file work_15.txt (compact mmCIF, C-alpha atoms)
# COMPACT_ATOMS: atom_id res chain seq x y z
CA MET G 659 70.49 18.12 207.97
CA THR G 660 69.12 18.60 211.50
CA ARG G 661 66.74 21.39 212.44
CA ARG G 662 69.53 23.02 214.43
CA ASP G 663 71.90 22.94 211.41
CA MET G 664 69.17 24.42 209.24
CA MET G 665 68.70 27.28 211.70
CA LYS G 666 72.45 27.97 211.74
CA THR G 667 72.56 28.02 207.94
CA THR G 668 69.63 30.45 207.84
CA GLU G 669 71.33 32.73 210.39
CA LYS G 670 74.50 32.79 208.27
CA ARG G 671 72.54 33.74 205.17
CA VAL G 672 70.71 36.54 207.00
CA LEU G 673 74.00 37.84 208.42
CA ALA G 674 75.60 37.81 204.96
CA ALA G 675 72.63 39.68 203.50
CA LEU G 676 72.75 42.32 206.25
CA THR G 677 76.50 42.76 205.73
CA SER G 678 75.94 43.24 202.01
CA VAL G 679 73.28 45.90 202.65
CA MET G 680 75.55 47.75 205.09
CA LEU G 681 78.43 47.78 202.62
CA PHE G 682 76.12 49.09 199.90
CA ALA G 683 74.75 51.83 202.15
CA THR G 684 78.07 53.06 203.47
CA GLY G 685 80.10 52.60 200.30
CA SER G 686 82.82 49.99 199.98
CA PRO G 687 86.51 50.94 199.90
CA ALA G 688 86.64 49.91 196.21
CA GLU G 689 83.87 52.38 195.39
CA ALA G 690 85.73 55.19 197.18
CA GLU G 691 88.92 54.41 195.24
CA ASP G 692 87.01 54.54 191.96
CA GLY G 693 85.93 58.18 192.42
CA CYS G 694 87.31 60.95 190.20
CA THR G 695 89.77 63.57 191.44
CA LEU G 696 90.19 66.58 189.15
CA GLN G 697 92.96 69.15 189.52
CA GLY G 698 94.04 72.28 187.71
CA ASP G 699 94.16 76.05 187.55
CA VAL G 700 90.66 77.36 186.96
CA VAL G 701 88.87 80.68 186.94
CA VAL G 702 85.83 80.13 189.14
CA PRO G 703 83.08 82.75 188.77
CA LYS G 704 83.18 85.48 191.41
CA GLY G 705 80.97 84.76 194.43
CA VAL G 706 80.86 80.96 194.16
CA ALA G 707 80.86 79.83 197.79
CA ILE G 708 82.82 77.13 199.60
CA SER G 709 80.85 75.66 202.52
CA ASP G 710 81.70 73.38 205.41
CA SER G 711 80.20 69.92 205.93
CA GLY G 712 77.17 71.48 207.60
CA GLY G 713 76.44 73.80 204.69
CA THR G 714 77.73 77.05 206.26
CA ASP G 715 79.64 79.22 203.79
CA ILE G 716 83.25 79.72 204.88
CA ALA G 717 84.88 81.31 201.82
CA GLN G 718 84.19 82.43 198.28
CA PHE G 719 86.02 82.60 194.97
CA THR G 720 86.93 86.05 193.69
CA GLY G 721 87.06 85.44 189.91
CA ALA G 722 90.86 85.10 189.90
CA LYS G 723 92.56 81.94 188.70
CA ALA G 724 92.81 79.40 191.52
CA ALA G 725 94.70 76.13 191.81
CA LEU G 726 92.35 73.56 193.27
CA SER G 727 91.40 69.92 193.54
CA MET G 728 87.90 68.42 193.41
CA SER G 729 86.77 64.94 194.46
CA GLY G 730 83.86 63.17 196.13
CA PHE G 731 81.36 64.03 193.39
CA SER G 732 77.84 62.97 194.30
CA SER G 733 75.95 60.59 192.02
CA SER G 734 73.18 63.17 191.67
CA GLY G 735 75.56 65.97 190.67
CA GLY G 736 75.00 68.01 193.84
CA ARG G 737 78.01 68.79 196.02
CA ALA G 738 81.65 67.87 195.60
CA LYS G 739 84.64 68.19 197.90
CA VAL G 740 87.02 71.01 197.03
CA GLN G 741 90.45 72.01 198.25
CA THR G 742 92.18 75.18 197.12
CA LEU G 743 95.92 74.59 196.90
CA GLY G 744 98.58 76.70 198.64
CA PHE G 745 96.22 78.94 200.58
CA ARG G 746 94.20 75.87 201.42
CA ILE G 747 90.46 75.98 202.08
CA ASP G 748 88.83 72.57 202.63
CA GLY G 749 85.11 72.39 201.98
CA TYR G 750 82.33 71.70 199.53
CA VAL G 751 81.01 73.37 196.39
CA ARG G 752 78.11 72.83 194.03
CA SER G 753 79.81 70.83 191.31
CA ARG G 754 77.85 72.59 188.54
CA GLU G 755 79.40 75.94 189.54
CA ILE G 756 83.02 74.90 188.92
CA PRO G 757 84.23 75.09 185.29
CA VAL G 758 85.41 71.70 184.05
CA TYR G 759 86.96 71.11 180.61
CA THR G 760 87.14 68.11 178.30
CA ALA G 761 90.71 66.88 177.78
CA ARG G 762 89.47 64.93 174.75
CA SER G 763 86.13 64.45 173.02
CA VAL G 764 83.60 62.37 174.96
CA PRO G 765 80.73 60.45 173.31
CA SER G 766 77.16 61.52 173.90
CA TYR G 767 75.88 58.95 171.40
CA THR G 768 78.63 56.48 170.55
CA GLY G 769 79.87 56.79 167.00
CA HIS G 770 77.70 59.76 166.10
CA VAL G 771 77.60 62.58 168.68
CA TRP G 772 80.43 63.86 170.91
CA ILE G 773 81.12 66.82 173.18
CA ALA G 774 84.28 68.17 171.58
CA GLU G 775 87.72 68.41 173.13
CA SER G 776 88.67 71.52 175.15
CA ARG G 777 85.08 72.57 175.88
CA ARG G 778 83.71 73.78 179.18
CA VAL G 779 81.16 71.40 180.67
CA SER G 780 79.20 71.07 183.91
CA VAL G 781 79.35 67.97 186.13
CA VAL G 782 75.80 66.68 186.71
CA GLY G 783 76.44 63.19 188.09
CA ALA G 784 79.05 60.61 189.01
CA GLY G 785 79.70 56.88 188.82
CA PRO G 786 82.68 54.59 189.47
CA GLY G 787 85.63 56.01 187.56
CA LYS G 788 83.56 58.47 185.54
CA LEU G 789 81.55 61.68 185.67
CA ARG G 790 78.38 62.64 183.85
CA VAL G 791 78.86 65.99 182.15
CA GLU G 792 76.56 68.38 180.34
CA LYS G 793 77.18 70.87 177.55
CA SER G 794 74.56 73.45 176.52
CA VAL G 795 74.96 75.20 173.17
CA SER G 796 72.93 77.97 171.56
CA ALA G 797 74.48 78.64 168.12
CA PRO G 798 74.71 77.51 165.40
CA LEU G 799 73.35 74.31 166.99
CA ARG G 800 71.00 74.60 169.95
CA GLY G 801 70.47 72.01 172.65
CA THR G 802 71.82 70.32 175.76
CA PHE G 803 74.04 67.27 175.37
CA THR G 804 75.16 64.89 178.13
CA ALA G 805 77.91 62.28 178.22
CA TRP G 806 79.67 59.90 180.61
CA ALA G 807 83.38 60.79 180.67
CA PRO G 808 86.19 58.79 182.30
CA CYS G 809 88.17 60.71 184.90
CA ASP G 810 91.21 61.26 182.67
CA ALA G 811 89.03 62.84 179.94
CA LEU G 812 88.34 65.87 182.17
CA THR G 813 90.46 68.62 183.72
CA LEU G 814 90.03 71.81 185.71
CA THR G 815 92.63 73.66 183.64
CA GLU G 816 91.08 75.86 180.95
CA ARG G 817 91.93 74.70 177.44
CA VAL G 818 91.88 76.49 174.09
CA ALA G 819 89.75 74.79 171.46
CA THR G 820 91.51 73.89 168.20
CA GLY G 821 90.04 74.33 164.74
CA TRP G 822 89.02 71.65 162.23
CA THR G 823 89.72 71.57 158.50
CA PRO G 824 87.27 69.77 156.19
CA PRO G 825 88.82 67.02 154.06
CA GLY G 826 89.70 67.89 150.49
CA GLY G 827 86.73 67.54 148.17
CA ALA G 828 84.17 67.87 150.98
CA ARG G 829 81.11 69.94 150.15
CA GLY G 830 79.27 72.27 152.47
CA TYR G 831 75.59 71.92 153.25
CA VAL G 832 73.25 74.05 155.34
CA THR G 833 70.04 73.04 157.04
CA ARG G 834 66.78 74.09 155.40
CA ARG G 835 64.60 73.86 158.51
CA ASP G 836 64.86 74.73 162.19
CA ASN G 837 64.82 71.04 163.14
CA ILE G 838 66.13 68.03 161.24
CA ASN G 839 66.95 64.48 162.32
CA LEU G 840 70.40 62.89 162.38
CA TYR G 841 70.33 59.17 161.53
CA SER G 842 72.80 56.39 162.34
CA SER G 843 72.86 55.23 158.71
CA GLU G 844 70.84 55.45 155.52
CA GLN G 845 67.27 54.75 156.68
CA GLY G 846 68.70 53.89 160.11
CA GLU G 847 67.53 54.89 163.57
CA VAL G 848 67.23 58.51 164.66
CA VAL G 849 70.28 59.47 166.72
CA THR G 850 69.18 62.97 167.74
CA SER G 851 67.26 65.98 166.52
CA LEU G 852 69.40 68.88 165.32
CA GLN G 853 67.88 72.21 166.27
CA ARG G 854 69.13 75.37 164.57
CA GLY G 855 70.34 78.15 166.87
CA GLY G 856 68.00 80.91 167.91
CA ASP G 857 70.02 83.57 166.06
CA GLY G 858 68.63 82.27 162.76
CA SER G 859 72.01 81.24 161.33
CA SER G 860 72.13 78.03 159.34
CA LEU G 861 73.92 74.97 160.66
CA LEU G 862 76.95 74.23 158.45
CA LEU G 863 77.54 70.55 157.67
CA TRP G 864 80.23 68.88 155.57
CA SER G 865 79.95 65.82 153.38
CA SER G 866 82.11 63.68 151.12
CA ASP G 867 79.51 60.97 150.66
CA ARG G 868 75.98 60.99 149.25
CA SER G 869 73.74 58.03 148.52
CA GLY G 870 70.46 58.73 146.74
CA ALA G 871 68.13 60.58 149.11
CA TRP G 872 70.71 60.53 151.93
CA VAL G 873 73.78 62.62 152.75
CA HIS G 874 76.54 61.52 155.14
CA ILE G 875 77.53 64.62 157.11
CA GLU G 876 80.02 65.84 159.70
CA HIS G 877 79.91 68.93 161.91
CA HIS G 878 82.74 70.11 164.15
CA GLY G 879 82.08 72.73 166.82
CA ASP G 880 81.31 72.49 170.53
CA ILE G 881 79.41 69.38 169.48
CA VAL G 882 80.82 66.94 166.92
CA LEU G 883 78.35 65.14 164.65
CA ASP G 884 78.84 62.21 162.28
CA GLY G 885 75.76 60.65 160.69
CA TRP G 886 73.22 60.77 157.89
CA VAL G 887 70.53 63.31 157.05
CA ARG G 888 67.84 63.37 154.41
CA ALA G 889 68.94 65.25 151.31
CA SER G 890 65.60 67.08 151.38
CA ASP G 891 66.53 68.57 154.80
CA VAL G 892 69.71 70.30 153.59
CA SER G 893 70.86 72.54 150.76
CA ALA G 894 74.25 72.14 149.10
CA LEU G 895 76.45 75.23 148.93
CA PRO G 896 77.90 76.12 145.52
CA GLU G 897 81.17 74.33 144.76
CA GLY G 898 84.05 75.99 146.60
CA GLU G 899 81.82 78.07 148.92
CA THR G 900 82.34 77.50 152.64
CA MET G 901 80.21 79.92 154.72
CA ASP G 902 82.25 80.95 157.73
CA GLN G 903 81.09 80.17 161.25
CA LEU G 904 83.37 81.98 163.66
CA ALA G 905 84.20 80.63 167.07
CA PRO G 906 83.23 82.89 169.97
CA PRO G 907 86.04 85.13 171.24
CA PRO G 908 87.91 83.91 174.33
CA ILE G 909 86.72 85.23 177.66
CA VAL G 910 89.07 87.79 179.22
CA HIS G 911 89.12 87.49 183.00
CA GLY G 912 89.69 90.64 185.04
CA ALA G 913 92.02 90.50 188.05
CA PRO G 914 90.41 91.11 191.47
CA THR G 915 91.52 94.11 193.48
CA LEU G 916 91.92 94.65 197.22
CA ASN G 917 90.14 97.63 198.75
CA VAL G 918 91.97 98.32 202.02
CA GLN G 919 93.68 101.32 203.59
CA GLY G 920 97.46 101.38 203.42
CA GLN G 921 99.79 98.74 201.99
CA PRO G 922 99.30 95.21 203.43
CA LYS G 923 102.43 93.48 204.73
CA ILE G 924 103.50 90.51 202.59
CA VAL G 925 104.73 87.49 204.55
CA HIS G 926 106.30 84.35 203.07
CA ILE G 927 105.14 81.24 204.91
CA ASP G 928 107.95 78.75 205.58
CA ARG G 929 105.86 76.03 207.24
CA SER G 930 102.25 74.93 207.11
CA VAL G 931 100.02 76.80 209.59
CA PRO G 932 96.34 76.18 210.48
CA LEU G 933 93.78 78.56 209.01
CA ARG G 934 90.65 79.49 210.98
CA ALA G 935 87.47 81.46 210.39
CA ALA G 936 87.73 83.19 213.78
CA ALA G 937 90.58 84.50 215.94
CA SER G 938 90.36 81.71 218.48
CA ASP G 939 91.83 78.26 219.08
CA ALA G 940 88.28 77.13 219.76
CA ALA G 941 87.31 77.91 216.18
CA GLY G 942 87.59 74.89 213.96
CA THR G 943 90.19 74.92 211.20
CA ILE G 944 88.92 75.51 207.67
CA GLY G 945 92.23 74.63 206.06
CA ALA G 946 95.84 75.75 206.21
CA VAL G 947 98.40 78.00 204.62
CA ASP G 948 101.02 75.71 203.12
CA SER G 949 104.76 76.25 203.14
CA GLY G 950 106.03 78.46 200.32
CA VAL G 951 102.89 80.61 200.05
CA ASP G 952 102.89 84.42 200.28
CA VAL G 953 100.07 86.01 202.26
CA MET G 954 98.94 89.58 202.86
CA VAL G 955 98.56 90.52 206.52
CA LEU G 956 95.65 92.93 206.96
CA ASP G 957 95.57 93.25 210.75
CA ILE G 958 96.91 91.76 213.99
CA VAL G 959 94.56 91.40 216.96
CA ALA G 960 95.47 89.78 220.30
CA GLY G 961 98.09 87.51 218.78
CA TRP G 962 96.06 86.62 215.68
CA ALA G 963 96.80 87.78 212.12
CA SER G 964 94.08 88.42 209.56
CA VAL G 965 95.40 87.16 206.23
CA LEU G 966 94.51 86.83 202.57
CA PRO G 967 96.29 84.95 199.78
CA LYS G 968 98.54 87.25 197.76
CA SER G 969 96.87 85.87 194.62
CA LEU G 970 93.45 86.96 195.94
CA SER G 971 92.02 83.70 194.61
CA VAL G 972 89.64 83.32 197.57
CA SER G 973 88.20 85.70 200.13
CA PRO G 974 86.11 85.48 203.33
CA ILE G 975 82.32 85.66 203.29
CA GLY G 976 80.79 89.03 204.25
CA SER G 977 82.50 90.62 207.25
CA SER G 978 84.35 87.45 208.31
CA GLN G 979 88.14 87.07 208.01
CA PHE G 980 90.79 84.38 207.68
CA TRP G 981 92.98 84.05 210.78
CA VAL G 982 96.27 82.43 211.69
CA ARG G 983 98.35 82.61 214.84
CA ALA G 984 100.67 85.62 214.40
CA LYS G 985 103.62 83.79 215.97
CA ASP G 986 103.16 80.93 213.46
CA ILE G 987 104.05 83.29 210.62
CA GLY G 988 106.84 85.07 212.48
CA LEU G 989 104.90 88.14 213.67
call {"tool": "encode", "arguments": {"input": "work_15.txt", "output": "structure tokens"}}
result
Amino acid sequence: MTRRDMMKTTEKRVLAALTSVMLFATGSPAEAEDGCTLQGDVVVPKGVAISDSGGTDIAQFTGAKAALSMSGFSSSGGRAKVQTLGFRIDGYVRSREIPVYTARSVPSYTGHVWIAESRRVSVVGAGPGKLRVEKSVSAPLRGTFTAWAPCDALTLTERVATGWTPPGGARGYVTRRDNINLYSSEQGEVVTSLQRGGDGSSLLLWSSDRSGAWVHIEHHGDIVLDGWVRASDVSALPEGETMDQLAPPPIVHGAPTLNVQGQPKIVHIDRSVPLRAAASDAAGTIGAVDSGVDVMVLDIVAGWASVLPKSLSVSPIGSSQFWVRAKDIGL
């Protein structure tokens, strides 16, 4: 190979390396396609803000149930893209602030520890085709558990947790100490430390299998456990005794109310119209009101209508308002 050929080969290698770095930095199309998109009807806590790409708050949730879609989760669990559906606001939210629910149990420690199905979790990270979620519990088990969940194992629609019935012949055990270890097998590795809840209640475990100084246990609550504990760390309940551990009552969400003078006019939107944060064509759009949505018209100023969704699922920030062209909604 001549010196000139060697130089050309080196240039090609450098160019290939630079191209690889650029693709990694900007994100390849395959990586974008692998991201999770979650949809559903969710009650977002009142006051959670939606911001634009620059970080300026443009809207807020009211505590009412809202249909929305989330995507573009950051790998660090910071912001995610959000779009409210119908009365459409396009922006960003802190992913931790949006309630997400498990559609099925997801493993925190494969084969031994799971975050149970139909539990509310927080998104704390993202990877190709999956999200990292976190579940904090305080009673009867206390701790914070994390898991990688595939996209289809999560939903934004609130789910009601189902109960679990111990198998026939299973015996109840309770923990003797505030902290005990869960093992993968008899004399196996430590899977996790089980910390009793701060309310002082014992952690109820179930077993159908004991081997010498070891007891194979299960626990089914917000966190599902399956492993071995030392017999000296637990006490067996009398035969037939179960010790109830009640699930927390469901949260009842109050409906938001509108505090305005008079009765707002209700208008049915028959075609999609741009939604703005100011009564001006120069103001950038923050979303749209889609066809088929009912809005409340609060005021009309110089050809612009101040509107809110009839569902009151989102509202403006502070003294700002949502605006559409009055003629676009037939006024």
call {"tool": "atom_distance", "arguments": {"input": "work_15.txt", "atom1": "CA of Gly769 (chain G)", "atom2": "CA of Leu862 (chain G)"}}
result
19.6 Å
call {"tool": "closest_residue", "arguments": {"input": "work_15.txt", "among": "G:Arg817, G:Arg934, G:His874, G:Lys985", "to": "Asp748 (chain G)", "atoms": "all atoms listed in the file"}}
result
G:Arg934
call {"tool": "residues_around", "arguments": {"input": "work_15.txt", "residues": "His877 (chain G)", "least_positions_apart": "3", "cutoff": "9 Å", "atoms": "all atoms listed in the file", "output": "ChimeraX atom specification"}}
result
/G:861-864,881-884
call {"tool": "closest_residue", "arguments": {"input": "work_15.txt", "among": "G:Arg762, G:Arg835, G:His926, G:Lys704", "to": "Gly950 (chain G)", "atoms": "only C-alpha atoms"}}
result
G:His926
call {"tool": "residues_near_point", "arguments": {"input": "work_15.txt", "point": "(81.7, 86.9, 199.7)", "cutoff": "10 Å", "atoms": "all atoms listed in the file", "output": "PyMOL selection string"}}
result
chain G and resi 704-708+715-720+972-978
call {"tool": "write_last_selection", "arguments": {"input": "work_15.txt", "atoms": "C-alpha atoms", "output": "PDB file, keeping the file's coordinate frame"}}
result
ATOM      1  CA  LYS G 704      83.180  85.480 191.410  1.00  0.00           C
ATOM      2  CA  GLY G 705      80.970  84.760 194.430  1.00  0.00           C
ATOM      3  CA  VAL G 706      80.860  80.960 194.160  1.00  0.00           C
ATOM      4  CA  ALA G 707      80.860  79.830 197.790  1.00  0.00           C
ATOM      5  CA  ILE G 708      82.820  77.130 199.600  1.00  0.00           C
ATOM      6  CA  ASP G 715      79.640  79.220 203.790  1.00  0.00           C
ATOM      7  CA  ILE G 716      83.250  79.720 204.880  1.00  0.00           C
ATOM      8  CA  ALA G 717      84.880  81.310 201.820  1.00  0.00           C
ATOM      9  CA  GLN G 718      84.190  82.430 198.280  1.00  0.00           C
ATOM     10  CA  PHE G 719      86.020  82.600 194.970  1.00  0.00           C
ATOM     11  CA  THR G 720      86.930  86.050 193.690  1.00  0.00           C
ATOM     12  CA  VAL G 972      89.640  83.320 197.570  1.00  0.00           C
ATOM     13  CA  SER G 973      88.200  85.700 200.130  1.00  0.00           C
ATOM     14  CA  PRO G 974      86.110  85.480 203.330  1.00  0.00           C
ATOM     15  CA  ILE G 975      82.320  85.660 203.290  1.00  0.00           C
ATOM     16  CA  GLY G 976      80.790  89.030 204.250  1.00  0.00           C
ATOM     17  CA  SER G 977      82.500  90.620 207.250  1.00  0.00           C
ATOM     18  CA  SER G 978      84.350  87.450 208.310  1.00  0.00           C
TER      19      SER G 978
END
call {"tool": "atom_distance", "arguments": {"input": "work_15.txt", "atom1": "CA of Thr850 (chain G)", "atom2": "CA of Val781 (chain G)"}}
result
21.6 Å
call {"tool": "residues_around", "arguments": {"input": "work_15.txt", "residues": "Glu844 (chain G)", "least_positions_apart": "3", "cutoff": "12 Å", "atoms": "only C-alpha atoms", "output": "list in words"}}
result
Asn839, Leu840, Tyr841, Glu847, Val848, Val849, Asp867, Arg868, Ser869, Gly870, Ala871, Trp872, Val873, His874, Ile875, Gly885, Trp886, Val887, Arg888 and Ala889 of chain G
call {"tool": "residues_near_point", "arguments": {"input": "work_15.txt", "point": "(83.1, 61.4, 185.4)", "cutoff": "7 Å", "atoms": "all atoms listed in the file", "output": "list in words"}}
result
Cys694, Ala784, Gly785, Gly787, Lys788, Leu789, Arg790, Trp806, Ala807, Pro808 and Cys809 of chain G
call {"tool": "write_last_selection", "arguments": {"input": "work_15.txt", "atoms": "C-alpha atoms", "output": "JSON list (two decimals), keeping the file's coordinate frame"}}
result
[["chain", "number", "residue", "atom", "x", "y", "z"],
["G", 694, "CYS", "CA", 87.31, 60.95, 190.20],
["G", 784, "ALA", "CA", 79.05, 60.61, 189.01],
["G", 785, "GLY", "CA", 79.70, 56.88, 188.82],
["G", 787, "GLY", "CA", 85.63, 56.01, 187.56],
["G", 788, "LYS", "CA", 83.56, 58.47, 185.54],
["G", 789, "LEU", "CA", 81.55, 61.68, 185.67],
["G", 790, "ARG", "CA", 78.38, 62.64, 183.85],
["G", 806, "TRP", "CA", 79.67, 59.90, 180.61],
["G", 807, "ALA", "CA", 83.38, 60.79, 180.67],
["G", 808, "PRO", "CA", 86.19, 58.79, 182.30],
["G", 809, "CYS", "CA", 88.17, 60.71, 184.90]]
call {"tool": "residues_around", "arguments": {"input": "work_15.txt", "residues": "Trp962 (chain G)", "least_positions_apart": "3", "cutoff": "12 Å", "atoms": "all atoms listed in the file", "output": "JSON, numbers by chain"}}
result
{"G": [932, 933, 934, 935, 936, 937, 938, 939, 955, 956, 957, 958, 959, 965, 979, 980, 981, 982, 983, 984, 985, 986, 987, 988, 989]}
call {"tool": "residues_around", "arguments": {"input": "work_15.txt", "residues": "Leu726 (chain G)", "least_positions_apart": "5", "cutoff": "6 Å", "atoms": "all atoms listed in the file", "output": "list in words"}}
result
Gln697, Gly698, Gln741, Thr742 and Leu743 of chain G
call {"tool": "write_last_selection", "arguments": {"input": "work_15.txt", "atoms": "C-alpha atoms", "output": "PDB file, keeping the file's coordinate frame"}}
result
ATOM      1  CA  GLN G 697      92.960  69.150 189.520  1.00  0.00           C
ATOM      2  CA  GLY G 698      94.040  72.280 187.710  1.00  0.00           C
ATOM      3  CA  GLN G 741      90.450  72.010 198.250  1.00  0.00           C
ATOM      4  CA  THR G 742      92.180  75.180 197.120  1.00  0.00           C
ATOM      5  CA  LEU G 743      95.920  74.590 196.900  1.00  0.00           C
TER       6      LEU G 743
END
call {"tool": "residues_around", "arguments": {"input": "work_15.txt", "residues": "Ala805 (chain G)", "least_positions_apart": "5", "cutoff": "9 Å", "atoms": "all atoms listed in the file", "output": "PyMOL selection string"}}
result
chain G and resi 764-767+772-773+789-793
call {"tool": "atom_distance", "arguments": {"input": "work_15.txt", "atom1": "CA of Pro703 (chain G)", "atom2": "CA of Glu816 (chain G)"}}
result
13.1 Å
call {"tool": "closest_residue", "arguments": {"input": "work_15.txt", "among": "G:Val947, G:Pro922, G:Gly855, G:Thr820", "to": "Ser794 (chain G)", "atoms": "all atoms listed in the file"}}
result
G:Gly855
call {"tool": "closest_residue", "arguments": {"input": "work_15.txt", "among": "G:Leu812, G:Leu852, G:Ala940, G:Ala963", "to": "Val892 (chain G)", "atoms": "all atoms listed in the file"}}
result
G:Leu852
call {"tool": "closest_residue", "arguments": {"input": "work_15.txt", "among": "G:Ala761, G:Leu966, G:Pro896, G:Thr804", "to": "Val925 (chain G)", "atoms": "all atoms listed in the file"}}
result
G:Leu966
call {"tool": "build_atoms", "arguments": {"input": "work_15.txt", "residues": "region 954-967 of chain G", "atoms": "N, CA and C atoms", "output": "PDB file, in the coordinates of the input"}}
result
ATOM      1  N   MET G 954      99.031  88.178 202.472  1.00  0.00           N
ATOM      2  CA  MET G 954      98.940  89.580 202.860  1.00  0.00           C
ATOM      3  C   MET G 954      98.352  89.648 204.269  1.00  0.00           C
ATOM      4  N   VAL G 955      99.031  90.350 205.144  1.00  0.00           N
ATOM      5  CA  VAL G 955      98.560  90.520 206.520  1.00  0.00           C
ATOM      6  C   VAL G 955      97.801  91.839 206.601  1.00  0.00           C
ATOM      7  N   LEU G 956      96.497  91.747 206.914  1.00  0.00           N
ATOM      8  CA  LEU G 956      95.650  92.930 206.960  1.00  0.00           C
ATOM      9  C   LEU G 956      95.587  93.566 208.337  1.00  0.00           C
ATOM     10  N   ASP G 957      95.719  92.734 209.388  1.00  0.00           N
ATOM     11  CA  ASP G 957      95.570  93.250 210.750  1.00  0.00           C
ATOM     12  C   ASP G 957      96.111  92.220 211.717  1.00  0.00           C
ATOM     13  N   ILE G 958      96.502  92.672 212.918  1.00  0.00           N
ATOM     14  CA  ILE G 958      96.910  91.760 213.990  1.00  0.00           C
ATOM     15  C   ILE G 958      96.128  92.148 215.236  1.00  0.00           C
ATOM     16  N   VAL G 959      95.422  91.161 215.790  1.00  0.00           N
ATOM     17  CA  VAL G 959      94.560  91.400 216.960  1.00  0.00           C
ATOM     18  C   VAL G 959      94.811  90.306 217.985  1.00  0.00           C
ATOM     19  N   ALA G 960      95.299  90.700 219.166  1.00  0.00           N
ATOM     20  CA  ALA G 960      95.470  89.780 220.300  1.00  0.00           C
ATOM     21  C   ALA G 960      96.200  88.502 219.897  1.00  0.00           C
ATOM     22  N   GLY G 961      97.269  88.661 219.137  1.00  0.00           N
ATOM     23  CA  GLY G 961      98.090  87.510 218.780  1.00  0.00           C
ATOM     24  C   GLY G 961      97.617  86.759 217.544  1.00  0.00           C
ATOM     25  N   TRP G 962      96.585  87.260 216.891  1.00  0.00           N
ATOM     26  CA  TRP G 962      96.060  86.620 215.680  1.00  0.00           C
ATOM     27  C   TRP G 962      96.232  87.560 214.488  1.00  0.00           C
ATOM     28  N   ALA G 963      96.606  87.001 213.341  1.00  0.00           N
ATOM     29  CA  ALA G 963      96.800  87.780 212.120  1.00  0.00           C
ATOM     30  C   ALA G 963      95.697  87.487 211.126  1.00  0.00           C
ATOM     31  N   SER G 964      95.079  88.546 210.618  1.00  0.00           N
ATOM     32  CA  SER G 964      94.080  88.420 209.560  1.00  0.00           C
ATOM     33  C   SER G 964      94.818  88.401 208.224  1.00  0.00           C
ATOM     34  N   VAL G 965      94.605  87.342 207.441  1.00  0.00           N
ATOM     35  CA  VAL G 965      95.400  87.160 206.230  1.00  0.00           C
ATOM     36  C   VAL G 965      94.522  86.882 205.011  1.00  0.00           C
ATOM     37  N   LEU G 966      95.101  87.166 203.865  1.00  0.00           N
ATOM     38  CA  LEU G 966      94.510  86.830 202.570  1.00  0.00           C
ATOM     39  C   LEU G 966      95.610  86.259 201.681  1.00  0.00           C
ATOM     40  N   PRO G 967      95.268  85.402 200.719  1.00  0.00           N
ATOM     41  CA  PRO G 967      96.290  84.950 199.780  1.00  0.00           C
ATOM     42  C   PRO G 967      96.738  86.104 198.902  1.00  0.00           C
TER      43      PRO G 967
END
